[in-house]
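What follows is the content of entry.csv, which has CSV, C-alpha atoms and all ligand atoms:
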```
chain,number,residue,atom,x,y,z
P,1,MET,CA,-37.6,18.5,-138.3
P,2,LEU,CA,-38.7,16.1,-141.0
P,3,SER,CA,-38.6,18.9,-143.6
P,4,ALA,CA,-34.8,19.2,-143.1
P,5,ILE,CA,-34.3,15.6,-144.4
P,6,ILE,CA,-37.4,14.6,-146.4
P,7,ASP,CA,-35.4,14.6,-149.7
P,8,LEU,CA,-33.2,11.7,-148.3
P,9,LEU,CA,-36.1,9.4,-147.5
P,10,ASP,CA,-38.1,7.1,-149.8
P,11,CYS,CA,-41.4,5.3,-149.5
P,12,PRO,CA,-41.2,2.0,-147.6
P,13,VAL,CA,-43.9,0.6,-149.9
P,14,CYS,CA,-42.8,1.6,-153.4
P,15,GLN,CA,-39.4,3.4,-152.9
P,16,GLY,CA,-40.9,6.5,-154.5
P,17,ASP,CA,-39.8,10.0,-153.5
P,18,LEU,CA,-41.5,11.5,-150.4
P,19,ASP,CA,-42.9,14.9,-149.7
P,20,ILE,CA,-44.6,16.6,-146.8
P,21,ASP,CA,-48.2,17.7,-147.1
P,22,GLU,CA,-49.2,19.4,-143.8
P,23,SER,CA,-49.3,16.5,-141.2
P,24,THR,CA,-48.7,13.7,-143.7
P,25,VAL,CA,-45.7,12.3,-145.5
P,26,ILE,CA,-46.8,11.3,-149.0
P,27,CYS,CA,-45.1,9.6,-151.9
P,28,ASP,CA,-45.5,10.0,-155.7
P,29,ARG,CA,-48.0,7.1,-155.8
P,30,GLY,CA,-50.1,8.3,-153.0
P,31,HIS,CA,-48.9,6.1,-150.1
P,32,THR,CA,-49.3,8.2,-146.9
P,33,PHE,CA,-47.7,8.2,-143.5
P,34,ASP,CA,-49.0,10.3,-140.6
P,35,ILE,CA,-46.6,12.7,-138.9
P,36,ALA,CA,-47.1,12.3,-135.1
P,37,ARG,CA,-47.9,15.4,-133.0
P,38,GLN,CA,-44.3,15.1,-131.5
P,39,GLY,CA,-42.8,15.4,-135.0
P,40,TYR,CA,-41.7,11.9,-136.0
P,41,VAL,CA,-43.0,9.7,-138.8
P,42,SER,CA,-43.3,5.9,-138.8
P,43,LEU,CA,-42.1,4.4,-142.1
P,44,LEU,CA,-42.3,0.8,-140.8
P,45,SER,CA,-43.1,-1.6,-143.6
P,46,GLY,CA,-44.9,-4.7,-142.3
P,47,SER,CA,-44.7,-5.7,-138.7
P,48,ALA,CA,-41.8,-5.5,-136.3
P,49,GLY,CA,-43.9,-7.0,-133.6
P,50,LYS,CA,-41.4,-9.6,-132.3
P,51,LEU,CA,-38.4,-7.2,-132.0
P,52,HIS,CA,-37.4,-5.5,-128.7
P,53,SER,CA,-37.3,-1.7,-128.8
P,54,ASP,CA,-36.7,0.7,-125.9
P,55,SER,CA,-39.6,1.5,-123.5
P,56,VAL,CA,-40.4,4.9,-122.1
P,57,ALA,CA,-38.5,4.0,-118.9
P,58,MET,CA,-35.5,2.9,-120.8
P,59,VAL,CA,-35.4,6.1,-122.9
P,60,SER,CA,-35.9,8.3,-119.8
P,61,ALA,CA,-33.0,6.5,-118.0
P,62,ARG,CA,-30.8,7.0,-121.2
P,63,GLU,CA,-31.7,10.7,-121.2
P,64,ARG,CA,-30.6,11.0,-117.6
P,65,VAL,CA,-27.3,9.1,-118.2
P,66,LEU,CA,-26.4,11.0,-121.4
P,67,GLY,CA,-27.5,14.3,-119.8
P,68,SER,CA,-25.1,13.7,-116.9
P,69,GLY,CA,-22.2,14.0,-119.4
P,70,LEU,CA,-20.8,10.6,-118.4
P,71,TYR,CA,-20.7,9.4,-122.0
P,72,ASP,CA,-19.6,12.7,-123.5
P,73,PRO,CA,-16.1,11.2,-124.4
P,74,ILE,CA,-18.0,8.7,-126.5
P,75,SER,CA,-20.0,11.4,-128.3
P,76,ASP,CA,-16.9,13.4,-128.8
P,77,ALA,CA,-15.0,10.5,-130.4
P,78,VAL,CA,-18.1,9.7,-132.7
P,79,ALA,CA,-18.3,13.4,-133.7
P,80,GLU,CA,-14.6,13.5,-134.5
P,81,LEU,CA,-14.9,10.6,-136.9
P,82,THR,CA,-18.1,11.9,-138.5
P,83,LEU,CA,-18.0,13.3,-142.1
P,84,GLY,CA,-20.7,15.8,-143.0
P,85,PRO,CA,-23.1,17.1,-144.0
P,86,VAL,CA,-25.6,14.1,-143.9
P,87,THR,CA,-25.6,11.7,-140.9
P,88,LEU,CA,-27.9,8.7,-140.4
P,89,ASP,CA,-28.0,7.3,-136.9
P,90,VAL,CA,-29.5,3.8,-136.9
P,91,GLY,CA,-30.8,2.8,-133.4
P,92,ALA,CA,-30.4,6.5,-132.5
P,93,GLY,CA,-31.9,6.1,-129.0
P,94,THR,CA,-32.5,9.6,-127.7
P,95,GLY,CA,-30.7,11.4,-130.6
P,96,HIS,CA,-28.0,12.6,-128.2
P,97,HIS,CA,-24.9,11.4,-130.1
P,98,LEU,CA,-26.4,12.5,-133.4
P,99,ALA,CA,-27.2,16.0,-132.2
P,100,ARG,CA,-23.6,16.4,-131.0
P,101,CYS,CA,-22.3,15.2,-134.4
P,102,LEU,CA,-24.4,17.8,-136.1
P,103,ALA,CA,-23.1,20.5,-133.8
P,104,ALA,CA,-19.5,19.4,-134.6
P,105,VAL,CA,-20.0,19.2,-138.3
P,106,GLY,CA,-21.5,22.8,-138.6
P,107,PRO,CA,-24.4,24.7,-139.9
P,108,ASP,CA,-25.0,22.7,-143.0
P,109,ALA,CA,-25.2,19.4,-141.1
P,110,ARG,CA,-28.4,17.5,-141.0
P,111,GLY,CA,-29.4,14.1,-139.7
P,112,VAL,CA,-31.8,11.2,-139.8
P,113,GLY,CA,-32.4,9.6,-136.4
P,114,LEU,CA,-33.9,6.1,-137.0
P,115,ASP,CA,-35.2,3.9,-134.2
P,116,LEU,CA,-37.8,1.2,-133.7
P,117,SER,CA,-39.0,2.7,-130.4
P,118,LYS,CA,-41.8,5.2,-130.3
P,119,ALA,CA,-40.4,6.7,-127.0
P,120,GLY,CA,-37.0,7.0,-128.7
P,121,ALA,CA,-38.6,8.7,-131.8
P,122,ARG,CA,-40.2,11.3,-129.6
P,123,ALA,CA,-36.8,12.1,-127.9
P,124,ILE,CA,-35.0,12.1,-131.3
P,125,ALA,CA,-37.5,14.6,-132.7
P,126,ARG,CA,-36.6,17.0,-129.8
P,127,ALA,CA,-32.9,16.5,-130.0
P,128,HIS,CA,-31.9,19.0,-132.8
P,129,PRO,CA,-33.8,21.2,-135.3
P,130,ARG,CA,-32.0,19.6,-138.2
P,131,ILE,CA,-32.7,16.0,-137.2
P,132,GLY,CA,-35.7,14.2,-138.7
P,133,SER,CA,-37.0,11.4,-136.5
P,134,VAL,CA,-38.1,8.2,-138.3
P,135,ILE,CA,-39.5,4.9,-136.9
P,136,ALA,CA,-38.2,2.0,-138.9
P,137,ASP,CA,-36.7,-1.4,-138.4
P,138,ALA,CA,-32.9,-1.6,-138.9
P,139,TRP,CA,-33.2,-5.2,-140.0
P,140,GLN,CA,-35.4,-4.4,-143.0
P,141,ARG,CA,-34.7,-2.2,-146.0
P,142,LEU,CA,-34.0,1.3,-144.6
P,143,PRO,CA,-36.4,4.0,-145.9
P,144,LEU,CA,-33.6,6.0,-147.4
P,145,ARG,CA,-32.5,6.6,-151.0
P,146,ASP,CA,-29.3,5.0,-152.4
P,147,ASP,CA,-26.0,7.0,-152.0
P,148,THR,CA,-27.3,9.8,-149.9
P,149,VAL,CA,-25.6,9.6,-146.5
P,150,ASP,CA,-22.1,10.8,-145.7
P,151,THR,CA,-21.9,9.0,-142.3
P,152,VAL,CA,-23.9,6.1,-140.8
P,153,LEU,CA,-23.6,5.9,-137.0
P,154,SER,CA,-24.1,2.6,-135.2
P,155,VAL,CA,-23.8,3.2,-131.5
P,156,PHE,CA,-24.5,0.1,-129.4
P,157,ALA,CA,-27.2,-0.6,-132.0
P,158,PRO,CA,-28.2,-3.2,-134.7
P,159,ARG,CA,-25.9,-3.3,-137.8
P,160,ASN,CA,-27.5,-4.0,-141.1
P,161,VAL,CA,-24.3,-4.0,-143.2
P,162,ALA,CA,-25.8,-4.3,-146.6
P,163,GLU,CA,-28.2,-1.4,-146.0
P,164,PHE,CA,-25.4,0.8,-144.6
P,165,ALA,CA,-23.4,0.2,-147.7
P,166,ARG,CA,-26.4,1.0,-150.0
P,167,VAL,CA,-27.3,4.3,-148.4
P,168,LEU,CA,-23.7,5.6,-148.1
P,169,VAL,CA,-22.2,8.0,-150.7
P,170,PRO,CA,-19.0,6.7,-152.3
P,171,GLY,CA,-16.2,7.5,-149.8
P,172,GLY,CA,-18.8,7.8,-147.0
P,173,ALA,CA,-18.1,6.6,-143.4
P,174,LEU,CA,-19.6,4.0,-141.1
P,175,VAL,CA,-18.8,4.9,-137.4
P,176,VAL,CA,-19.4,2.0,-135.0
P,177,VAL,CA,-19.2,2.1,-131.2
P,178,THR,CA,-18.6,-1.2,-129.5
P,179,PRO,CA,-18.1,-2.0,-125.8
P,180,THR,CA,-14.9,-3.8,-124.8
P,181,PRO,CA,-15.1,-6.6,-122.2
P,182,ARG,CA,-14.1,-4.0,-119.5
P,183,HIS,CA,-17.1,-1.8,-120.1
P,184,LEU,CA,-19.2,-1.6,-116.9
P,185,ALA,CA,-17.4,-4.8,-115.7
P,186,GLU,CA,-17.6,-3.7,-112.0
P,187,ILE,CA,-21.4,-3.8,-112.0
P,188,VAL,CA,-22.1,-6.7,-114.3
P,189,GLU,CA,-22.3,-9.3,-111.5
P,190,PRO,CA,-23.8,-7.3,-108.7
P,191,MET,CA,-26.5,-5.9,-111.0
P,192,GLY,CA,-27.2,-9.2,-112.8
P,193,MET,CA,-26.4,-7.6,-116.2
P,194,ILE,CA,-25.5,-9.3,-119.5
P,195,GLY,CA,-21.7,-8.9,-119.8
P,196,VAL,CA,-19.9,-8.1,-123.0
P,197,ASP,CA,-19.0,-11.3,-125.0
P,198,PRO,CA,-15.2,-11.3,-125.2
P,199,ALA,CA,-15.6,-12.5,-128.9
P,200,LYS,CA,-17.7,-9.5,-129.8
P,201,PRO,CA,-15.0,-7.4,-131.5
P,202,GLU,CA,-14.0,-10.4,-133.7
P,203,ARG,CA,-17.7,-11.0,-134.5
P,204,ILE,CA,-18.2,-7.4,-135.5
P,205,GLY,CA,-15.1,-7.5,-137.7
P,206,ASN,CA,-16.4,-10.6,-139.4
P,207,THR,CA,-19.8,-9.1,-140.1
P,208,LEU,CA,-18.4,-5.9,-141.6
P,209,GLY,CA,-15.4,-7.8,-143.1
P,210,ALA,CA,-16.3,-8.2,-146.8
P,211,ALA,CA,-18.2,-4.9,-147.2
P,212,PHE,CA,-16.1,-2.4,-145.1
P,213,THR,CA,-12.5,-1.7,-144.2
P,214,ARG,CA,-11.5,0.0,-140.9
P,215,THR,CA,-9.7,3.3,-141.5
P,216,GLU,CA,-9.6,4.9,-138.0
P,217,ARG,CA,-10.0,3.8,-134.4
P,218,ILE,CA,-10.3,5.7,-131.1
P,219,SER,CA,-10.2,3.9,-127.7
P,220,VAL,CA,-12.4,5.6,-125.1
P,221,ASP,CA,-11.4,4.5,-121.5
P,222,HIS,CA,-12.3,6.4,-118.4
P,223,THR,CA,-13.6,5.7,-114.9
P,224,MET,CA,-17.1,6.9,-113.9
P,225,THR,CA,-18.0,7.5,-110.3
P,226,LEU,CA,-21.6,6.5,-110.1
P,227,ASP,CA,-24.2,6.9,-107.3
P,228,ARG,CA,-26.9,4.2,-106.9
P,229,ALA,CA,-29.4,6.1,-109.0
P,230,LEU,CA,-27.0,6.4,-112.0
P,231,VAL,CA,-26.1,2.7,-111.7
P,232,ALA,CA,-29.8,1.8,-111.8
P,233,ASP,CA,-30.3,4.1,-114.9
P,234,ILE,CA,-27.3,2.6,-116.7
P,235,VAL,CA,-28.8,-0.9,-116.2
P,236,THR,CA,-32.3,0.3,-117.1
P,237,MET,CA,-31.2,1.9,-120.4
P,238,GLY,CA,-29.4,-1.2,-121.7
P,239,PRO,CA,-30.4,-4.7,-122.9
P,240,SER,CA,-30.3,-6.1,-119.3
P,241,ALA,CA,-33.6,-4.2,-118.7
P,242,TYR,CA,-35.3,-6.8,-120.9
P,243,HIS,CA,-34.7,-9.5,-118.3
P,244,LEU,CA,-34.7,-7.6,-115.0
P,245,SER,CA,-37.7,-6.0,-113.4
P,246,GLU,CA,-37.7,-2.4,-112.2
P,247,ASN,CA,-37.8,-3.7,-108.5
P,248,GLU,CA,-35.0,-6.1,-109.1
P,249,ILE,CA,-32.8,-3.3,-110.5
P,250,THR,CA,-33.7,-1.0,-107.5
P,251,ASP,CA,-33.0,-3.7,-104.9
P,252,ARG,CA,-29.7,-4.6,-106.4
P,253,ALA,CA,-28.6,-0.9,-106.6
P,254,GLU,CA,-29.7,-0.4,-103.0
P,255,ALA,CA,-27.2,-3.1,-101.9
P,256,LEU,CA,-24.2,-1.2,-103.5
P,257,PRO,CA,-22.0,1.3,-101.6
P,258,ASP,CA,-23.0,5.0,-101.9
P,259,THR,CA,-20.7,5.4,-105.0
P,260,VAL,CA,-18.9,2.9,-107.2
P,261,ASP,CA,-16.1,3.4,-109.7
P,262,VAL,CA,-17.1,1.9,-113.0
P,263,ALA,CA,-15.1,1.6,-116.3
P,264,CYS,CA,-16.5,3.2,-119.4
P,265,SER,CA,-14.5,1.3,-122.1
P,266,VAL,CA,-15.5,1.3,-125.8
P,267,THR,CA,-13.9,1.3,-129.2
P,268,VAL,CA,-15.1,3.9,-131.8
P,269,SER,CA,-14.1,2.8,-135.3
P,270,ARG,CA,-14.5,4.4,-138.7
P,271,TYR,CA,-15.0,2.2,-141.7
P,272,GLU,CA,-15.1,2.9,-145.4
P,273,ALA,CA,-17.2,0.8,-147.8
P,274,ASN,CA,-15.3,-1.4,-150.1
P,275,ARG,CA,-16.3,-0.5,-153.7
P,276,PRO,CA,-16.3,-3.1,-156.5
P,277,ALA,CA,-13.0,-2.7,-158.5
N,1,LIG,C1,-28.6,0.2,-126.6
N,1,LIG,S1,-29.6,1.4,-127.4
N,1,LIG,C2,-28.5,2.6,-128.0
N,1,LIG,C3,-29.1,3.9,-128.3
N,1,LIG,C4,-28.2,5.0,-128.8
N,1,LIG,N1,-27.5,4.6,-130.0
N,1,LIG,C5,-27.2,5.5,-127.8
N,1,LIG,O1,-26.1,5.0,-127.7
N,1,LIG,O2,-27.6,6.3,-126.9
N,1,LIG,C6,-30.2,0.5,-128.8
N,1,LIG,C7,-31.2,1.3,-129.6
N,1,LIG,O3,-31.5,0.5,-130.8
N,1,LIG,C8,-32.9,0.5,-131.0
N,1,LIG,N2,-33.3,-0.7,-131.7
N,1,LIG,C9,-33.3,-2.0,-131.3
N,1,LIG,N3,-33.7,-2.8,-132.3
N,1,LIG,C10,-33.9,-2.0,-133.4
N,1,LIG,C11,-34.3,-2.3,-134.7
N,1,LIG,N4,-34.5,-3.5,-135.2
N,1,LIG,N5,-34.5,-1.2,-135.6
N,1,LIG,C12,-34.2,0.1,-135.2
N,1,LIG,N6,-33.8,0.4,-133.9
N,1,LIG,C13,-33.7,-0.6,-133.0
N,1,LIG,C14,-33.5,0.5,-129.6
N,1,LIG,O4,-34.9,1.0,-129.5
N,1,LIG,C15,-32.5,1.5,-128.9
N,1,LIG,O5,-32.9,2.8,-129.0
```

Mind turning this structure into structure tokens?
Amino acid sequence: MLSAIIDLLDCPVCQGDLDIDESTVICDRGHTFDIARQGYVSLLSGSAGKLHSDSVAMVSARERVLGSGLYDPISDAVAELTLGPVTLDVGAGTGHHLARCLAAVGPDARGVGLDLSKAGARAIARAHPRIGSVIADAWQRLPLRDDTVDTVLSVFAPRNVAEFARVLVPGGALVVVTPTPRHLAEIVEPMGMIGVDPAKPERIGNTLGAAFTRTERISVDHTMTLDRALVADIVTMGPSAYHLSENEITDRAEALPDTVDVACSVTVSRYEANRPA
């Protein structure tokens, strides 16, 4: 619920403190933002029109895949590296990983699930009673106050390094999940997916380089036995869905054997912000 985290947020227009007044979020200077019936608020400043965000079909596919438990080892590793009590998940998707982190941290844990997608925001609002669901663009200033977050999560999602550093408390953690080139490799070609760029880990290191230092790392590597429906869901929930039609995904999945063994291979890293000496 937004009331659990409203003190962490600030106004996207004037950066003033926010409060909840019935079905509206309102700042000191009177800027107002409607709370949707499903419990999320949009704090988008300006237009994010040209950016991709997940559709209803993508979010539903993600809910089925995460609900199957196939990615639980990823959630567990993320939860293990999370410092409480306040967690911000940027590009939170369905809120699944964030909810599991809150459960692991304990009863004083609370979280902000931020996503650009309305369908995602609806799912995030349902994910846990102490999660507040916010629509915002990860590439702009995040609608959060300075030095308020113990852990920022970035799970297959956009990384705005300067904003992550701004919102983290001193000594706070950035937990990043990145796929290795082996991730889903068996279905990349038959499903027409975008493969993982082998230079990705190096690129991520370079982007985080000056601002953050890696302090922990967990490798998650296991084999998932997938039926055709789950293969189609895994493709639909990812960036490949932006260039493949629903029919194309179904047709390609139909051509696969009844089940396929597919690698789940990611690195979960914890970084600490470098503070000026
Ligand atoms: C690949 S999904 C990962 C979702 C979630 N972290 C998970 O692992 O289940 C990427 C997510 O980032 C969101 N996203 C993409 N661009 C964004 C942006 N500019 N600002 C905020 N969220 C964004 C998408 O809507 C989507 O939910």

- List every protein, DNA or RNA residue that has an atom no more than 8 Å from (-25.2, 3.8, -109.4) in the file's coordinate frame, counting all atoms listed in the file, and report them as a VMD selection string. chain P and resid 226 to 234 253 256 258 to 260

- Within 7 Å of ligand LIG 1 (chain N), counting all atoms listed in the file: which residues, as a list of chain:residue names?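 So the residues close to ligand LIG 1 (chain N) are P:Leu51, P:His52, P:Ser53, P:Asp54, P:Arg62, P:Val90, P:Gly91, P:Ala92, P:Gly93, P:Thr94, P:His96, P:His97, P:Leu114, P:Asp115, P:Leu116, P:Ser117, P:Gly120, P:Ala136, P:Asp137, P:Ala138, P:Trp139, P:Ser154, P:Val155, P:Phe156, P:Ala157, P:Pro158, P:Met237, P:Gly238, P:Pro239.
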
Store the residues of this selection in a file with C-alpha atoms, as a PDB file, keeping the file's coordinate frame.
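File written: selection-v6.pdb
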```
ATOM      1  CA  LEU P  51     -38.400  -7.200-132.000  1.00  0.00           C
ATOM      2  CA  HIS P  52     -37.400  -5.500-128.700  1.00  0.00           C
ATOM      3  CA  SER P  53     -37.300  -1.700-128.800  1.00  0.00           C
ATOM      4  CA  ASP P  54     -36.700   0.700-125.900  1.00  0.00           C
ATOM      5  CA  ARG P  62     -30.800   7.000-121.200  1.00  0.00           C
ATOM      6  CA  VAL P  90     -29.500   3.800-136.900  1.00  0.00           C
ATOM      7  CA  GLY P  91     -30.800   2.800-133.400  1.00  0.00           C
ATOM      8  CA  ALA P  92     -30.400   6.500-132.500  1.00  0.00           C
ATOM      9  CA  GLY P  93     -31.900   6.100-129.000  1.00  0.00           C
ATOM     10  CA  THR P  94     -32.500   9.600-127.700  1.00  0.00           C
ATOM     11  CA  HIS P  96     -28.000  12.600-128.200  1.00  0.00           C
ATOM     12  CA  HIS P  97     -24.900  11.400-130.100  1.00  0.00           C
ATOM     13  CA  LEU P 114     -33.900   6.100-137.000  1.00  0.00           C
ATOM     14  CA  ASP P 115     -35.200   3.900-134.200  1.00  0.00           C
ATOM     15  CA  LEU P 116     -37.800   1.200-133.700  1.00  0.00           C
ATOM     16  CA  SER P 117     -39.000   2.700-130.400  1.00  0.00           C
ATOM     17  CA  GLY P 120     -37.000   7.000-128.700  1.00  0.00           C
ATOM     18  CA  ALA P 136     -38.200   2.000-138.900  1.00  0.00           C
ATOM     19  CA  ASP P 137     -36.700  -1.400-138.400  1.00  0.00           C
ATOM     20  CA  ALA P 138     -32.900  -1.600-138.900  1.00  0.00           C
ATOM     21  CA  TRP P 139     -33.200  -5.200-140.000  1.00  0.00           C
ATOM     22  CA  SER P 154     -24.100   2.600-135.200  1.00  0.00           C
ATOM     23  CA  VAL P 155     -23.800   3.200-131.500  1.00  0.00           C
ATOM     24  CA  PHE P 156     -24.500   0.100-129.400  1.00  0.00           C
ATOM     25  CA  ALA P 157     -27.200  -0.600-132.000  1.00  0.00           C
ATOM     26  CA  PRO P 158     -28.200  -3.200-134.700  1.00  0.00           C
ATOM     27  CA  MET P 237     -31.200   1.900-120.400  1.00  0.00           C
ATOM     28  CA  GLY P 238     -29.400  -1.200-121.700  1.00  0.00           C
ATOM     29  CA  PRO P 239     -30.400  -4.700-122.900  1.00  0.00           C
TER      30      PRO P 239
END
```

- Could you name the residues that touch stretch 179-189 of chain P at 7 Å or less, counting all atoms listed in the file, but leaving out those on the same chain fewer than 4 positions away, as a PyMOL selection string? chain P and resi 193-198+262-267

- Task: Record the distance separating atom CA of P:Thr178 and atom CA of P:Val41, expressed in Å with one decimal.
- Result: 28.3 Å

- Query: Separation of atom CA of P:Ala61 and atom CA of P:Tyr242, in Å?
  - Reply: 13.8 Å

- One decimal, Å: what's the distance from atom CA of P:Arg110 over to atom CA of P:Arg130, could you say? 5.0 Å

- Item | For stretch 270-275 of chain P: contacts at 6 Å, all atoms listed in the file, fewer than 2 positions along chain excluded, given as an MDAnalysis selection string | chainID P and resid 173:175 211:216

- Counting only C-alpha atoms, which of P:Asp89, P:Asp146, P:Asp221, P:Glu22 gets nearest to P:Asp10?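 For P:Asp10, the nearest of the candidates is P:Asp146.
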
- Go through P:Thr82, P:Thr151, P:Ser68, P:Ser23 one by one, measure the shortest atom-to-atom distance of each to P:Ser3 using all atoms listed in the file, and give the residue with the smallest value.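 The answer is P:Ser23, which sits nearest to P:Ser3.
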